[in-house]
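Engineer: Quick one: the structure is below, and I'll ask about it shortly.
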Amino acid sequence: MAVDKLMSLKEAVSKYIHDGDTVYYGGFQIMVPMALTHEIIRQKKRNLTTIESSTDVGGLDLLVGAGCVSEIHSAWIMNWYVKAPYAIRRAFQSKQTKRFDVSNFAATSALIAGFLGVPFLPVRGNIGTDMLKLNPTDLKMVKDPFSGEEMTAVRAWRADVAVIHAQVADRLGNVMSWGTRGVTDEFGAMGAKRGVIVTAEEIVEPEITRADPDRTVVPYFKTLAVVHAPWGAHPSACRGYYGLDIRFSQYQGKYERNGELLPKFLDEWVYGCEDHNAYIKKYIQKFGQAGLDRLKPTLGYKPKYQVDYGFHDPAVWKGVPQYTDEYIKA
Amino acid sequence: MAVDKLMSLKEAVSKYIHDGDTVYYGGFQIMVPMALTHEIIRQKKRNLTTIESSTDVGGLDLLVGAGCVSEIHSAWIMNWYVKAPYAIRRAFQSKQTKRFDVSNFAATSALIAGFLGVPFLPVRGNIGTDMLKLNPTDLKMVKDPFSGEEMTAVRAWRADVAVIHAQVADRLGNVMSWGTRGVTDEFGAMGAKRGVIVTAEEIVEPEITRADPDRTVVPYFKTLAVVHAPWGAHPSACRGYYGLDIRFSQYQGKYERNGELLPKFLDEWVYGCEDHNAYIKKYIQKFGQAGLDRLKPTLGYKPKYQVDYGFHDPAVWKGVPQYTDEYIKA
Amino acid sequence: MHATNYKLTELMVVRCAKEIKDSEVVFAGVGLPLVVVGFAMVTHAPNMILFTEGGSIRATAPPGLAITVDDPALFCNGDASFGMLSTMAALQRGEVDVAFIGGAQIDKFGNINSTGVGDWSKPESFTYFAGSGGANDMATSGKRVLAIMPQDPKKFVEKVDYLTTPGFLDGPGAREKLGMIGGGPSVVVSTMGVYKFDEKTCEMYLAEYYPGQSVEKLKANCSFDLKISPNVKETEPPTEEEISVLRSIDPTGFYLG
Amino acid sequence: MHATNYKLTELMVVRCAKEIKDSEVVFAGVGLPLVVVGFAMVTHAPNMILFTEGGSIRATAPPGLAITVDDPALFCNGDASFGMLSTMAALQRGEVDVAFIGGAQIDKFGNINSTGVGDWSKPESFTYFAGSGGANDMATSGKRVLAIMPQDPKKFVEKVDYLTTPGFLDGPGAREKLGMIGGGPSVVVSTMGVYKFDEKTCEMYLAEYYPGQSVEKLKANCSFDLKISPNVKETEPPTEEEISVLRSIDPTGFYLG
């Protein structure tokens with residue numbers, strides 16, 4: 001009835017991410033696909049182009065620092081608690097990695113254009129700035145054919161493959177999200193040409209996801225691989241599961257800051273860990289279970305209205321006579 | 001803390017719909033805003049322009065037949081169980097109402113462009129057809145500034161006011177939808193310049209809607225009026241509440257079909273009914289409670305996964321020392 | 001075993017369903033196509049993905065008979081319900097294998113009219129139908145188009161009164177020139193037979209006639225000079241099992257009569 | 001009664017909040033703006049609507065302190081959570097009253113740089129910050145712009161190294177010529193004082209200096225020839241009640257120190 005797509009992190013990345021791919025890098029300030037980031041580094045993928053709206057906690061900075069990325073199309077890249085993406089700064093200066101800057105909504109519009117299967121979208125921002133001047137790859141002027149006015153257009157971004165982290169997925173690849181459908185994942189992931197690799201906090205049976213399809217951000221047909229990865233967004237937050245690990249972000253940031261120190265972080269926390277479970281084990285070993293416990297959310301914000309998707313069976317119409325009245329008869 | 005927007009159907013239409021307005025006409029084949037349609041007819045609004053993707057059960061046909069509409073921008077208008085929008089056909093032939101035809105996704109893209117606040121959107125369809133030739137108001141060619149290729153562009157559609165029917169709303173105007181966010185209502189309604197008039201099967205307290213904001217299709221700030229109107233989409237279906245009333249659609253269609261008979265239908269079912277309650281009372285009186293009972297849905301399709309929106313309190317970080325290790329110290 | 005007692009609608013549904021391969025993404029329009037895909041999903045195409053304009057995306061057959069493209073039955077236990085945006089976007093991305101549509105008029109190049117008949121420039125002469133709906137989008141960008149049409153000389157015409165939905169337009173190369181990503185018409189199933197399209201000329205030809213019909217009868221019900229396949233054959237009737245499964249999908253004959 | 005014991009951050013938050021009127025739609029960027037809007041909502045602007053890039057739309061203060069623009073706290077009991085699409089779309093429709101942003105450099109026309117310093121054409125000289133984020137979109141289309149900036153001669157400059165976010169560009173009429181729908185910079189709140197913009201020249205001028213600061217100190221911390229309002233005055237310190245409410249929002253001093 002459907003293909004089971006549940007597999008290990010290692011298998012998912014090795015099978016579905018190739019050198020030279022354009023990758024949609026999921027999440028925003030939270031829900032950053034860190035388990036996937038580490039695995040891409042472990043497998044030494046090279047010459048990736050990333051596309052994303054904005055991304056925090058330095059996941060992308062690690063990916064660049066580890067030498068995986070040659071081009072970045074983005075609006076904002078940060079590890080907020082150290083105030084800059086240092087590895088990216090160095091990679092830009094050394095010309096190892098090219099940056100293509102646009103505004104957040106130009107980036108999102110680029111992902112929407114890719115999602116929509118059209119080559120560009122008009123946007124209101126970016127005009128009058130250096131982004132428009134210095135990034136003609138992604139931004140140009142277009143004439144509105146109706147009014148004749150000139151405005152900014154952003155080129156469609158379509159990934160070969162998308163990497164995202166989610167709260168819940170089933171083994172077939174129906175991916176549930178709540179508390180926003182995904183900020184931009186609903187477009188970035190769906191626009192991917194080959195499909196989506198998703199790590200999820202929980203894996204459930206398809207009858208669970210399908211009982212509430214409104215919460216599906218990526219449906220089965222678009223998913224390549226489903227990986228069970230609790231804490232898969234750490235140190236970023238996962239809605240309903242854990243908060244942002246600020247101390248770890250700062251700790252990691254101190255390594256990002258220094259090009260000579262960064263390899264030591266990668267050796268210990270990425271290459272030195274067989275998989276994401278090993279990374280979490282190392283965390284507990286080094287900073288204690290209390291470090292993770294501190295991230296537990298305040299729960300109790302549950303839906304109060306019980307919806308029912310119920311349908312109507314047209315079988316009821318069998319034998320029911322036509323409605324009529326005096327005028328129709330006349 | 002917020003403005004109460006609950007009011008009668010009469011007040012909502014009289015206050016917020018003006019002659020000459022462009023109106024987003026909500027719903028699709030189901031969720032057609034029939035209570036609002038009838039009230040607009042009752043109040044003899046004139047020279048309306050409607051914009052919508054597709055619409056069934058003849059609601060728009062009645063609105064045109066009653067002389068309210070001078071322009072229609074749409075992809076498909078129908079009363080499926082009589083196989084044509086007869087009043088619209090007559091109004092087109094007599095030049096009372098102009099039609100501007102585009103494809104469904106051109107219509108939806110036009111609504112998305114309006115929603116996005118940009119003047120147009122590129123689309124793949126419509127090229128090579130008579131729609132492109134005969135509707136230059138909505139369809140033109142545009143050159144992709146990146147590839148230089150020519151493709152179809154659709155003009156943004158923005159209503160002055162949107163009329164939609166929903167399952168649940170609170171008195172402030174947060175509108176809940178499930179089993180699709182609204183097919184196209186999420187764009188058509190949000191793109192309206194002045195705001196949205198919504199009829200709903202149920203009115204609940206804001207603490208109920210706000211406990212599950214993912215299901216909000218129109219938030220408070222965008223709503224003009226909330227009207228409690230059970231059966232407000234009849235004879236079209238309302239997801240989770242009732243199915244399509246095929247016999248009534250056929251009955252109504254027999255009147256739509258005949259320009260001389262149609263006023264009799266309007267006299268009895270619209271002008272002759274003070275409000276939507278009176279319309280439903282008349283229905284029961286004429287066709288029996290069994291007619292409504294027949295529309296009851298098969299329920300029991302409820303979400304099985306209990307989501308929690310929970311957040312994380314950054315107060316936990318107070319006094320937590322920085323994480324460090326030998327390399328950082330060094 | 002072939003069924004001996006079946007209705008024309010049943011034959012059409014079963015014949016259409018055979019055009020759907022397993023694992024394909026099928027975008028189905030309102031009406032009979034919704035029954036066809038339901039039938040395909042419970043028979044030979046268990047891995048088919050169903051899309052509708054209402055925004056349903058599902059990998060399993062719906063729990064009930066859908067009568068609209070946004071019918072709640074299509075969303076009960078569906079895979080996703082993002083609205084028209086999601087299914088039409090996938091269509092524009094080129095991810096739809098089969099665009100399954102209807103129409104009011106069709107010409108020899110498979111161009112379809114669902115807008116109206118008469119002369120648009122003289123409104124008083126123009127008889128409006130419903131308009132394009134999603135058929136135009138589906139036929140522009142779906143990898144191949146499957147159409148279902150009533151057979152009638154007024155409906156199989158030399159040139160449609162209003163070109164709503166592109167077939168091969170005026171012939172070979174026309175779609176490509178306009179940058180259409182879809183491959184165009186593949187099969188037309190009428191109430192009398194089955195048509196395919198010549199790869200070189202892009203013209204429609206008769207491939208099958210239904211039991212009880214003949215090439216002559218079909219020619220008499222077509223206004224253009226109908227080409228006939230050298231291999232034209234009688235359509236295989238449905239099997240008893242097919243009819244039995246089909247009737248279990250629509251036990252009261254809502255669609256099937 | 002004026003508070004006597006308050007921090008600079010607290011003064012800035014209270015001063016910024018005064019720029020928000022009740023019932024306005026405020027689009028807040030990451031960092032201190034999230035505290036300002038929370039404070040405004042529970043004090044003088046109970047009908048304010050909060051938007052963030054993460055897609056939160058809410059008419060009530062969040063139940064907890066948000067530290068990102070997609071922080072779960074912003075969605076708990078929110079009005080809607082459609083993703084960035086919804087809030088940025090409303091911005092492009094012209095429905096945002098106040099665009100509340102930060103930046104790394106600002107010039108006398110209110111143009112902001114949050115991309116980096118140095119010469120872009122010589123990458124080895126260019127020190128990257130984070131990039132635009134949503135500030136560009138917000139400042140282009142918000143009805144008016146409220147900016148919060150650290151006061152520093154390297155940050156208040158004659159010309160920004162990289163123009164990320166438009167102020168008045170090169171002066172009067174420039175925004176209009178490019179078709180921008182937003183009105184441009186309104187107020188800049190720095191760590192030393194408050195700036196407004198001349199209606200005719202579009203140039204920034206000093207309107208207020210904080211208690212303990214002076215016009216001279218501010219001039220010394222600004223690299224361009226700073227205009228001074230003839231009505232320049234000392235900023236009113238926060239009241240004890242304001243400080244008390246503010247500290248209840250951030251009881252552990254996460255933002256306020």
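Each chain in the structure tokens gets a letter, A, B, ..., in the order shown, and its residues are numbered from 1; ligands are numbered from 1 in order too.
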Compile the contact shell of segment 192-199 of chain D as a PyMOL selection string: residues with an atom at most 9 Å away, counting only C-alpha atoms, same-chain residues fewer than 3 positions apart removed.
Structural biologist: chain D and resi 8+12+15+108-110+150-151+172+185-189+202-214+217-218+229+234-235
Engineer: Output the contact residues of chain B with respect to chain C at a cut-off of 9 Å, based on only C-alpha atoms, as a ChimeraX atom specification.
Structural biologist: /B:28-30,53-54,74-79,83-86,88-90,92-95,101-106,108-109,123-131,134,149-151,178-184,186,237-240,243-244,301-302
Engineer: At a cut-off of 7 Å, list the chain A residues touching chain B, using only C-alpha atoms, as a ChimeraX atom specification.
Structural biologist: /A:118-123,140,142,144-146,155,178-180,208,211-212,214,239-240,242-243,247-248,251,294,296-305,307-312,316,322-324
Engineer: Please list as a list in words every residue within 7 Å of segment 31-42 of chain A, counting only C-alpha atoms and excluding residues in the same chain fewer than 4 positions away.
Structural biologist: Lys10, Val13, Gly26, Gly27, Gly59, Leu63, Ala66, Cys68, Val163, Ile164, His165, Gly232, Ala233, His234, Ser236, Ala237, Cys238, Val270, Tyr271 and His276 of chain A
Engineer: Could you dump the residues just selected with C-alpha atoms as a compact mmCIF listing (two decimals), in the first residue's frame?
Structural biologist:
# COMPACT_ATOMS: atom_id res chain seq x y z
CA LYS A 10 23.56 7.38 7.96
CA VAL A 13 22.20 11.00 4.03
CA GLY A 26 15.06 23.58 7.08
CA GLY A 27 13.91 25.30 10.23
CA GLY A 59 24.18 24.79 12.17
CA LEU A 63 28.42 22.96 7.73
CA ALA A 66 33.54 21.70 7.83
CA CYS A 68 30.72 21.10 2.82
CA VAL A 163 16.60 18.42 5.05
CA ILE A 164 14.14 19.25 7.82
CA HIS A 165 13.46 18.38 11.43
CA GLY A 232 17.42 16.08 16.39
CA ALA A 233 17.28 19.90 16.45
CA HIS A 234 19.57 20.37 19.48
CA SER A 236 17.95 24.72 18.66
CA ALA A 237 14.44 24.32 20.04
CA CYS A 238 11.80 21.81 18.98
CA VAL A 270 30.59 15.27 15.03
CA TYR A 271 33.30 12.93 13.68
CA HIS A 276 22.99 11.56 16.92
Engineer: Please return, as a PyMOL selection string, all residues of segment 50-278 of chain A that DSSP assigns to alpha helix (DSSP H) on the basis of the backbone.
Structural biologist: chain A and resi 59-65+86-93+104-116+130-134+185-188+206-209+246-256+262-266+276-278
